[in-house]
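K.L.:
Sharing a structure with you now.
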Amino acid sequence: MLISFDGMRNDLTKEYVKKGKLPHIKALMKNGVAAKDSKTVTPSLTAPSHAAIASGAAPSETGMVSNKWQDPQKELANGESAFHQPLDKSPLWAEAKKWQNNCHSAVSRIKPQCRNTG
């Protein structure tokens, strides 16, 4: 499970956790996995940021550079929500699925078990 807190700076989050102001976030960090030194992408918008988290790629690679999507076949002012648009780069879960039977792949580290479906 991946939890993303939109607009929440990593440095301030760590500071507030250390001061005891975010006990539930502290519990999540203690019992799960948390980024040691996360950085936002440019532009620092929700859709490009979540696309970068999902794919591990920069907005220039995912094609998600705004919260609005511009269809090249439509007028420039006709921007649509980018949140339901496909990425130009595969998300991590799609790559993991390609390797689901390969227990020696780097992707298998994110799976609790490898299984043989053949």
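Numbering starts fresh at 1 for the residues of each chain in the structure tokens, the chains themselves are lettered A, B, ... in the order given, and ligands are numbered from 1 as they appear.
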List the spatial neighbours of Ser49 (chain A) as a list in words - criterion: any atom at most 12 Å away, only C-alpha atoms, same-chain residues fewer than 5 positions off excluded.
P.N.:
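Contacts, in chain order: Ser4, Phe5, Asp6, Gly7, Met8, Ser38, Lys39, Thr40, Val41, Thr42, Pro43, Ser44, Ala54, Ser55, Gly56, Ala57, Ala58, Pro59, Ser60, Thr62, Gly63, Met64, Val65, Ser66, Asn67, Ala82 and Phe83 of chain A.
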K.L.:
Find the spatial neighbours of Ser81 (chain A), counting only C-alpha atoms, within a cut-off of 10 Å - ignore same-chain residues fewer than 2 positions away - and output them as an MDAnalysis selection string.
P.N.:
chainID A and resid 47 66:70 79 83:85
K.L.:
For CA of Ala96 (chain A) and CA of His50 (chain A), determine how far apart the two atoms are, in Å to one decimal place.
P.N.:
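Going from CA of Ala96 (chain A) over to CA of His50 (chain A), I get 17.7 Å.
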K.L.:
Of the candidates A:Thr13, A:Glu80, A:Lys89, A:Ala94, which one gets nearest to Ala35 (chain A) if we count only C-alpha atoms?
P.N.:
A:Thr13
K.L.:
Counting only C-alpha atoms, which residue out of A:Leu28, A:Leu87, A:Ala34, A:Leu22 sits closest to Ala52 (chain A)?
P.N.:
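For Ala52 (chain A), the nearest of the given residues is A:Leu87.
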